[in-house]
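Student: Mind looking over this structure? Questions follow.
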Amino acid sequence: MNGIHDLGGMTCFGPILREENEPVFHAPWERRVFAMTMLTMGVVDTLDAFRHAIERMDPVHYLTSTYYEHWLAALETLLLEHGLVTAEELATGTVRTPVTSPRSPLPPEAMVAIVRRGVPANRPADQRTPRFRPGDQVIARNLHPIGHTRLPRYVRGKRGVIARVHGTFVYPDTNAHGGGEQPQPVYSVCFMARELWGPSAAERDRLYIDLWEDYLQEA
Amino acid sequence: MNGIHDLGGMTCFGPILREENEPVFHAPWERRVFAMTMLTMGVVDTLDAFRHAIERMDPVHYLTSTYYEHWLAALETLLLEHGLVTAEELATGTVRTPVTSPRSPLPPEAMVAIVRRGVPANRPADQRTPRFRPGDQVIARNLHPIGHTRLPRYVRGKRGVIARVHGTFVYPDTNAHGGGEQPQPVYSVCFMARELWGPSAAERDRLYIDLWEDYLQEA
Amino acid sequence: MNSEHGHGHHRAGPDPRTESHLTPEQTQALEARVQALEAVLVAKGFVSPATLDALASLYEHDIGPMNGAKVVARAWVDPAYKQRLLTDATAAIAELGFGGLQGEHMVVVENTPTVHNVVVCTLCSCYPWPVLGLPPTWYKSAAYRSRVVIDPRGVLREFGLELPESVEVRVWDSSAELRYMVLPERPAGTEGMSEAELAALVTRDAMIGVAKVCVKSDRA
Amino acid sequence: MNSEHGHGHHRAGPDPRTESHLTPEQTQALEARVQALEAVLVAKGFVSPATLDALASLYEHDIGPMNGAKVVARAWVDPAYKQRLLTDATAAIAELGFGGLQGEHMVVVENTPTVHNVVVCTLCSCYPWPVLGLPPTWYKSAAYRSRVVIDPRGVLREFGLELPESVEVRVWDSSAELRYMVLPERPAGTEGMSEAELAALVTRDAMIGVAKVCVKSDRA
């Protein structure tokens with residue numbers, strides 16, 4: 001989806017406002033939203049579906065709400081869409097429908113262990129042999145999918161060079177929509193700033209971005 | 001400027017809401033803003049500067065305010081920037097500084113005559129011979145100027161064909177910033193939908209857009 | 001894929017997609033702000049209230065899609081006029097007495113059984129005022145401006161117009177000072193109609209290209 | 001050109017550019033909404049309050065930029081470690097006991113006198129949690145995400161970092177599941193410092209790439 005979240009290259013948002021001694025959370029609700037989202041991730045839906053739920057926010061709501069409100073909106077959206085909660089339950093905090101969690105709640109030690117261990121998104125490399133090698137010239141495809149993608153608009157159609165082969169990773173474009181993981185190679189692709197932004201960019205500057213193989217074609 | 005106004009190709013704004021039997025103006029203030037803007041156009045600044053003043057609105061304000069509020073914001077911005085009014089005058093409606101209009105207010109008949117006659121933006125063709133002819137292949141340059149431009153992001157870097165030579169017109173990129181009219185040829189350029197939007201676009205569909213010569217290069 | 005927006009809870013504010021959904025408080029604040037601006041501009045000699053009124057009245061009463069409809073009807077009944085209209089629209093439109101601001105450089109594009117045209121201005125909301133009047137809110141909305149260039153068939157479907165794959169869709173983005181009007185197809189069953197009757201069939205939306213001209217059912 | 005935003009009069013609402021400028025009413029509404037959600041998720045067996053607390057506490061106390069600073073300091077004092085860090089960052093970071101969520105696939109990029117690196121996630125706000133903790137609000141802001149890719153030197157200037165033309169700027173957009181950390185240059189005048197002293201100099205901003213590491217003046 002060509003959404004408001006795809007911000008790269010816009011120049012209209014004014015100065016970058018910084019906060020001195022910023023706390024990790026600004027309010028108790030942020031702290032709870034962070035933890036609830038993390039605890040239900042993978043149970044309610046995939047990380048990719050969660051990102052896409054944020055992307056589906058109304059653009060004005062997206063721009064006027066803060067980061068953890070994005071998370072809150074996305075978590076509520078997915079819970080509702082999967083029928084795990086009702087709008088009435090969210091409004092009242094009172095549960096009318098049977099308990100639906102597919103697993104019992106994680107105890108603290110188990111969650112801490114997950115945090116420490118992580119949830120890798122790479123997969124065995126034998127599923128698909130990488131088509132490209134470092135130094136290969138590629139063009140980011142000019143794709144405009146209706147759904148989720150991690151191919152931002154500003155690199156589409158641009159010519160770059162494979163800088164590194166990162167391995168084989170879950171493909172977000174399918175995984176966000178219940179289409180399965182369909183793992184494929186991910187590359188670090190290097191674009192010259194002038195290729196992306198024209199002659200006003202600095203001559204030697206570069207941008208590196210990680211792109212799935214299906215986002216790329218031979219140059 | 002790569003601003004929020006450059007909307008072409010975004011797909012996140014939901015359905016198109018229509019109003020049955022829509023009035024020309026929804027409220028008296030819209031009617032006055034429309035007329036005040038038209039009456040001061042060319043006196044306060046150029047149409048191009050006015051468009052750029054709208055483009056400089058805060059993105060959220062731009063998306064949450066209606067069309068004539070855009071006009072109102074831009075008119076106020078230009079009046080303030082040119083020192084023709086003060087913020088206090090706008091807040092109070094009471095004038096503290098001397099009258100500054102460079103000409104006396106137009107009487108109704110004179111304004112009606114301007115409406116009927118128009119204010120052409122074309123200029124004598126002898127200033128610059130068109131570089132391109134119908135049928136020529138061109139590429140829209142990948143320009144990302146800081147200021148005003150009428151080259152939208154979605155055609156930058158794309159290959160099209162000159163469909164028609166429209167004549168010689170005032171160049172907005174300079175005229176919006178006090179850089180003079182610098183007239184140059186304007187072309188109707190035809191792009192295949194798939195060139196712009198990739199394989200998911202309909203094969204035979206096309207987009208025509210009017211581009212100034214400095215936006216184009218030989219393909 | 002679910003293309004709906006996410007779960008609601010939007011902050012209070014006007015719906016940016018419609019012009020008529022300001023709250024009374026917002027309208028009141030805007031009225032006051034605009035009155036102050038007018039007082040300042042009048043006091044400084046930039047504008048006179050009588051001229052403001054005269055100008056706005058023109059677009060409320062004299063200048064609107066009824067003008068474009070006359071142009072379309074003339075083109076339907078007069079092949080030579082149609083030829084002139086498609087070759088030099090500004091001059092042909094002036095023959096009927098229309099022209100002026102935001103119509104100084106007109107282009108008319110013709111719908112046929114194999115080509116459908118639709119007009120937009122993605123960067124602001126340019127529109128051919130002398131023949132269509134001031135644009136409707138939807139034409140100025142982010143939803144229309146953003147999507148009609150990338151998904152014209154989907155947008156037209158929302159307007160109730162389903163085009164077969166065999167029809168070529170041409171989108172015209174009014175990025176310069178040219179202004180575009182669509183010459184719709186003359187509908188079947190109108191052979192005996194007068195030019196005035198034909199003009200009465202022609203809608204604003206058909207001249208933007210988001211609708212076809214239909215013979216109204218009460219005439220059939 | 002005036003790059004300031006136009007004349008004010010914005011509608012009431014939070015400043016989208018900072019996280020801490022919600023009105024008390026907005027915060028209250030969000031608190032109520034989140035409490036309701038938590039009550040539902042607890043009742044349905046999705047989460048337990050004790051686990052929510054334990055998880056949030058980790059990021060308040062244990063996981064933050066002090067971890068990344070230790071990695072940087074080690075790389076400064078141990079050339080073999082630095083080599084491992086630049087070759088397989090995930091494994092090298094794990095040597096110091098750090099890793100896990102949002103750091104499963106780490107890449108460390110090295111600043112030198114001729115190359116300056118800066119990290120962003122334009123599409124959301126991906127960030128290397130195990131070494132830097134949760135991201136600051138500015139990193140998640142539309143202003144930073146949009147502009148650092150097209151105008152990195154201008155953004156760095158806003159952060160007080162003016163880079164000569166001769167330095168190559170490399171922007172890293174974290175669009176996939178790789179997470180990036182910058183290895184800043186070791187500042188001059190730190191030759192006698194211990195690894196712990198060096199770690200105390202290393203800031204979060206330097207590891208994102210929007211600042212350099214400086215010797216604090218009270219140490220000089």
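In the structure tokens, chains take letters A, B, ... by order of appearance, with residues numbered from 1 within each chain and ligands from 1 in the order shown.
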List as a VMD selection string the protein and nucleic acid residues near Lys70 of chain D, meaning an atom at most 10 Å away when only C-alpha atoms are counted, but skip any in the same chain fewer than 6 places from it.

Tutor: chain D and resid 76 93 96 98 131 195 to 200 202

Student: Write out as a JSON list (two decimals) with N, CA and C atoms, in the first residue's frame which residues come within 8 Å of Thr114 of chain D when counting only C-alpha atoms, dropping same-chain ones fewer than 4 positions away.

Tutor:
[["chain", "number", "residue", "atom", "x", "y", "z"],
["D", 166, "SER", "N", 34.10, 16.19, 1.96],
["D", 166, "SER", "CA", 34.99, 15.07, 1.67],
["D", 166, "SER", "C", 34.56, 13.79, 2.37],
["D", 167, "VAL", "N", 33.73, 13.91, 3.40],
["D", 167, "VAL", "CA", 33.25, 12.72, 4.11],
["D", 167, "VAL", "C", 32.07, 12.12, 3.35],
["D", 168, "GLU", "N", 32.11, 10.80, 3.19],
["D", 168, "GLU", "CA", 31.00, 10.10, 2.54],
["D", 168, "GLU", "C", 29.95, 9.75, 3.59]]

Student: Just how far from atom CA of His52 of chain A is atom CA of His148 of chain A, in Å to one decimal?

Tutor: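 So the two atoms, atom CA of His148 of chain A and atom CA of His52 of chain A, lie 5.6 Å apart.
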
Student: Using only C-alpha atoms, which residues sit within 9 Å of segment 207-215 of chain A once same-chain residues fewer than 4 positions away are excluded, as number ranges by chain?

Tutor: A: 130-132, 139-143, 150-151, 155-156, 163, 166, 168-169, 171, 184-193, 196; D: 149, 169-178

Student: Take atom CA of Glu38 of chain C and atom CA of Ala27 of chain B and report the distance between them in Å, one decimal.

Tutor: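 Between atom CA of Glu38 of chain C and atom CA of Ala27 of chain B the gap is 15.2 Å.
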
Student: Do you know which residues are at most 10 Å from Leu58 of chain D counting only C-alpha atoms, after dropping those on the same chain fewer than 5 positions away, and could you put them as an MDAnalysis selection string?

Tutor: (chainID A and resid 112 115) or (chainID D and resid 53 63:64 133)

Student: Suppose we keep C-alpha atoms; can you now write the selection as a tab-separated table (two decimals), in the first residue's frame?

Tutor:
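What ended up in again-v8.tsv:
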chain	number	residue	atom	x	y	z
A	112	VAL	CA	12.10	-12.65	29.78
A	115	VAL	CA	13.37	-11.25	25.11
D	53	ASP	CA	5.34	-5.56	34.38
D	63	ILE	CA	18.20	-2.92	28.24
D	64	GLY	CA	19.38	0.44	26.95
D	133	GLY	CA	16.93	0.05	24.20

Student: For chain A against chain B, with a cut-off of 12 Å and counting only C-alpha atoms, what is the closest atom pair and its distance in Å to one decimal for every residue that makes the cut, ordered by chain and number, as a tab-separated table?

Tutor:
residue	atom	partner	partner_atom	distance
A:Met1	CA	B:Thr11	CA	6.3
A:Asn2	CA	B:Met10	CA	4.8
A:Gly3	CA	B:Cys12	CA	5.0
A:Ile4	CA	B:Cys12	CA	6.9
A:His5	CA	B:Cys12	CA	9.6
A:Asp6	CA	B:Met10	CA	9.6
A:Leu7	CA	B:Ile4	CA	10.0
A:Gly8	CA	B:Asn2	CA	10.0
A:Gly9	CA	B:Asn2	CA	6.9
A:Met10	CA	B:Asn2	CA	4.8
A:Thr11	CA	B:Asn2	CA	5.2
A:Cys12	CA	B:Gly3	CA	5.0
A:Phe13	CA	B:Pro59	CA	6.9
A:Gly14	CA	B:Asp58	CA	8.1
A:Pro15	CA	B:Asp58	CA	11.5
A:His52	CA	B:Cys12	CA	11.9
A:Ile54	CA	B:Cys12	CA	11.7
A:Glu55	CA	B:Cys12	CA	8.5
A:Arg56	CA	B:Cys12	CA	7.2
A:Met57	CA	B:Cys12	CA	8.4
A:Asp58	CA	B:Phe13	CA	7.1
A:Pro59	CA	B:Cys12	CA	6.9
A:Val60	CA	B:Val60	CA	6.3
A:His61	CA	B:Val60	CA	9.1
A:Tyr62	CA	B:Val60	CA	9.7
A:Leu63	CA	B:Val60	CA	6.8
A:Thr64	CA	B:Val60	CA	7.2
A:Ser65	CA	B:Val60	CA	10.9
A:Ala140	CA	B:Gly198	CA	11.4
A:Arg141	CA	B:Gly198	CA	7.9
A:Asn142	CA	B:Gly198	CA	5.2
A:Leu143	CA	B:Gly198	CA	5.4
A:His144	CA	B:Trp197	CA	6.2
A:Pro145	CA	B:Ser200	CA	7.8
A:Ile146	CA	B:Thr11	CA	8.1
A:Gly147	CA	B:Thr11	CA	10.2
A:His148	CA	B:Cys12	CA	12.0
A:Arg153	CA	B:Tyr154	CA	9.3
A:Tyr154	CA	B:Arg153	CA	9.3
A:Val155	CA	B:Gly157	CA	11.2
A:Arg156	CA	B:Gly198	CA	9.7
A:Gly157	CA	B:Gly157	CA	8.1
A:Lys158	CA	B:Gly157	CA	8.6
A:Arg159	CA	B:Gly157	CA	11.2
A:Ala193	CA	B:Asn142	CA	11.5
A:Arg194	CA	B:Asn142	CA	8.9
A:Glu195	CA	B:Asn142	CA	8.2
A:Leu196	CA	B:Asn142	CA	7.8
A:Trp197	CA	B:His144	CA	6.2
A:Gly198	CA	B:Asn142	CA	5.2
A:Pro199	CA	B:Leu143	CA	7.2
A:Ser200	CA	B:His144	CA	7.4
A:Ala201	CA	B:His144	CA	9.0
A:Tyr215	CA	B:Gly198	CA	12.0

Student: Here is a test: counting only C-alpha atoms, which residue of B:Leu216, B:Ala74, B:Val44, B:Val119 is nearest to Val161 of chain B?

Tutor: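 Nearest to Val161 of chain B: B:Leu216.
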
Student: Do you have the atom CA of Ala49 of chain B-atom CA of Gly178 of chain B distance handy?

Tutor: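 Computing it gives 8.3 Å between the two atoms.
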
Student: Mind the document's chain letters and residue numbers, and return as a PyMOL selection string the residues of segment 20-146 of chain C that DSSP labels strand (DSSP E or B).

Tutor: chain C and resi 106-110+115-120

Student: Which residue, B:Leu78, B:Val33, B:Leu17, B:Ala121, has the smallest gap to Leu55 of chain C when you use only C-alpha atoms?

Tutor: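 Using only C-alpha atoms, Leu55 of chain C sits closest to B:Val33.
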
Student: Smallest atom-to-atom distance to Ala36 of chain C: which of B:Pro28, B:Gly83, B:Pro102, B:Gly93, using only C-alpha atoms?

Tutor: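 Closest to Ala36 of chain C, using only C-alpha atoms: B:Gly93.
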
Student: Leaving out Val119 of chain C and any residue of its chain fewer than 3 positions from it, which residues lie within 12 Å of it when counting only C-alpha atoms, given as an NGL selection string?

Tutor: (:B and (207-209)) or (:C and (107-111 or 116 or 122 or 125-128 or 135 or 139-140 or 144-145 or 148-149 or 152 or 155-156 or 169-175 or 178-183 or 204-211))

Student: Produce a file of the selected residues containing N, CA and C atoms, as a CSV table (one decimal), in the first residue's frame.

Tutor:
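Ended up saving to result.csv:
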chain,number,residue,atom,x,y,z
B,207,LEU,N,-1.4,7.9,-18.8
B,207,LEU,CA,-1.6,9.1,-18.1
B,207,LEU,C,-0.9,10.3,-18.8
B,208,TYR,N,-1.6,11.4,-19.0
B,208,TYR,CA,-1.1,12.6,-19.6
B,208,TYR,C,-0.9,13.6,-18.6
B,209,ILE,N,0.3,14.3,-18.6
B,209,ILE,CA,0.6,15.3,-17.7
B,209,ILE,C,1.4,16.4,-18.4
C,107,VAL,N,-8.2,22.5,-23.0
C,107,VAL,CA,-8.0,21.3,-23.9
C,107,VAL,C,-9.3,20.5,-23.6
C,108,VAL,N,-9.9,20.0,-24.7
C,108,VAL,CA,-11.1,19.1,-24.6
C,108,VAL,C,-10.7,17.8,-25.2
C,109,VAL,N,-10.9,16.7,-24.4
C,109,VAL,CA,-10.5,15.4,-24.8
C,109,VAL,C,-11.8,14.6,-24.9
C,110,GLU,N,-11.9,13.8,-26.0
C,110,GLU,CA,-13.1,13.1,-26.4
C,110,GLU,C,-13.2,11.7,-25.9
C,111,ASN,N,-14.3,11.3,-25.3
C,111,ASN,CA,-14.6,9.9,-25.0
C,111,ASN,C,-15.2,9.3,-26.2
C,116,HIS,N,-11.6,6.2,-22.7
C,116,HIS,CA,-12.3,7.0,-21.6
C,116,HIS,C,-11.3,7.9,-21.0
C,122,THR,N,-3.4,16.5,-9.3
C,122,THR,CA,-2.9,15.8,-8.1
C,122,THR,C,-2.2,16.8,-7.2
C,125,SER,N,-5.8,21.6,-7.1
C,125,SER,CA,-7.2,21.2,-7.5
C,125,SER,C,-7.5,22.0,-8.8
C,126,CYS,N,-6.6,22.2,-9.7
C,126,CYS,CA,-6.9,22.9,-10.9
C,126,CYS,C,-8.1,22.3,-11.6
C,127,TYR,N,-8.9,23.2,-12.3
C,127,TYR,CA,-10.2,22.8,-12.7
C,127,TYR,C,-10.6,23.9,-13.7
C,128,PRO,N,-11.4,23.6,-14.8
C,128,PRO,CA,-11.7,24.5,-15.8
C,128,PRO,C,-12.9,25.4,-15.4
C,135,PRO,N,-14.8,23.8,-8.4
C,135,PRO,CA,-14.8,22.3,-8.3
C,135,PRO,C,-15.6,21.8,-7.1
C,139,TYR,N,-13.6,16.5,-5.7
C,139,TYR,CA,-12.5,16.7,-6.7
C,139,TYR,C,-11.2,17.2,-6.0
C,140,LYS,N,-11.4,17.9,-4.9
C,140,LYS,CA,-10.3,18.5,-4.2
C,140,LYS,C,-9.8,17.6,-3.1
C,144,TYR,N,-9.4,11.5,-3.9
C,144,TYR,CA,-9.5,11.5,-5.3
C,144,TYR,C,-8.2,11.8,-6.0
C,145,ARG,N,-7.6,12.9,-5.5
C,145,ARG,CA,-6.3,13.4,-6.1
C,145,ARG,C,-5.2,12.3,-6.1
C,148,VAL,N,-6.8,8.5,-8.2
C,148,VAL,CA,-7.3,8.4,-9.6
C,148,VAL,C,-6.1,8.2,-10.6
C,149,VAL,N,-4.9,8.6,-10.3
C,149,VAL,CA,-3.8,8.4,-11.2
C,149,VAL,C,-3.3,7.0,-11.2
C,152,PRO,N,-7.3,4.4,-11.7
C,152,PRO,CA,-8.5,5.1,-12.3
C,152,PRO,C,-9.7,4.2,-12.4
C,155,VAL,N,-11.4,3.9,-9.0
C,155,VAL,CA,-12.1,5.2,-8.7
C,155,VAL,C,-13.3,5.3,-9.5
C,156,LEU,N,-13.3,5.0,-10.8
C,156,LEU,CA,-14.5,5.1,-11.6
C,156,LEU,C,-15.5,4.1,-11.1
C,169,VAL,N,-8.1,3.7,-20.7
C,169,VAL,CA,-8.4,4.9,-19.8
C,169,VAL,C,-7.2,5.9,-19.9
C,170,ARG,N,-7.6,7.1,-20.1
C,170,ARG,CA,-6.6,8.2,-20.1
C,170,ARG,C,-6.8,9.1,-19.0
C,171,VAL,N,-5.9,9.2,-18.1
C,171,VAL,CA,-6.0,10.2,-17.0
C,171,VAL,C,-5.2,11.4,-17.3
C,172,TRP,N,-5.8,12.6,-17.1
C,172,TRP,CA,-5.2,13.9,-17.4
C,172,TRP,C,-4.9,14.6,-16.1
C,173,ASP,N,-3.6,14.7,-15.8
C,173,ASP,CA,-3.2,15.5,-14.6
C,173,ASP,C,-2.9,16.9,-14.9
C,174,SER,N,-3.7,17.8,-14.4
C,174,SER,CA,-3.6,19.3,-14.8
C,174,SER,C,-2.5,19.9,-14.0
C,175,SER,N,-1.2,19.6,-14.3
C,175,SER,CA,-0.1,20.1,-13.5
C,175,SER,C,0.3,21.5,-14.0
C,178,LEU,N,-2.8,24.5,-18.4
C,178,LEU,CA,-3.8,24.0,-19.3
C,178,LEU,C,-4.9,23.4,-18.4
C,179,ARG,N,-6.2,23.6,-18.9
C,179,ARG,CA,-7.3,23.1,-18.2
C,179,ARG,C,-8.1,22.1,-19.1
C,180,TYR,N,-8.5,21.0,-18.5
C,180,TYR,CA,-9.1,19.9,-19.3
C,180,TYR,C,-10.6,19.8,-19.0
C,181,MET,N,-11.3,19.5,-20.1
C,181,MET,CA,-12.7,19.1,-20.0
C,181,MET,C,-12.9,17.9,-20.9
C,182,VAL,N,-13.7,17.0,-20.4
C,182,VAL,CA,-14.0,15.8,-21.2
C,182,VAL,C,-15.3,16.0,-22.0
C,183,LEU,N,-15.2,15.6,-23.3
C,183,LEU,CA,-16.4,15.6,-24.2
C,183,LEU,C,-16.9,14.2,-24.1
C,204,ARG,N,-21.9,17.6,-14.7
C,204,ARG,CA,-20.6,18.0,-14.3
C,204,ARG,C,-19.7,16.8,-14.3
C,205,ASP,N,-20.1,15.7,-13.6
C,205,ASP,CA,-19.3,14.5,-13.5
C,205,ASP,C,-18.9,13.9,-14.8
C,206,ALA,N,-19.8,14.0,-15.8
C,206,ALA,CA,-19.5,13.5,-17.1
C,206,ALA,C,-18.4,14.3,-17.8
C,207,MET,N,-18.4,15.6,-17.5
C,207,MET,CA,-17.3,16.5,-18.1
C,207,MET,C,-16.0,16.4,-17.4
C,208,ILE,N,-16.0,15.9,-16.1
C,208,ILE,CA,-14.8,15.6,-15.5
C,208,ILE,C,-14.3,14.2,-15.9
C,209,GLY,N,-15.2,13.3,-16.3
C,209,GLY,CA,-14.9,12.0,-16.7
C,209,GLY,C,-15.1,10.9,-15.7
C,210,VAL,N,-15.9,11.2,-14.7
C,210,VAL,CA,-16.1,10.1,-13.7
C,210,VAL,C,-17.5,9.5,-13.9
C,211,ALA,N,-18.2,10.0,-15.0
C,211,ALA,CA,-19.5,9.4,-15.3
C,211,ALA,C,-19.7,9.5,-16.8
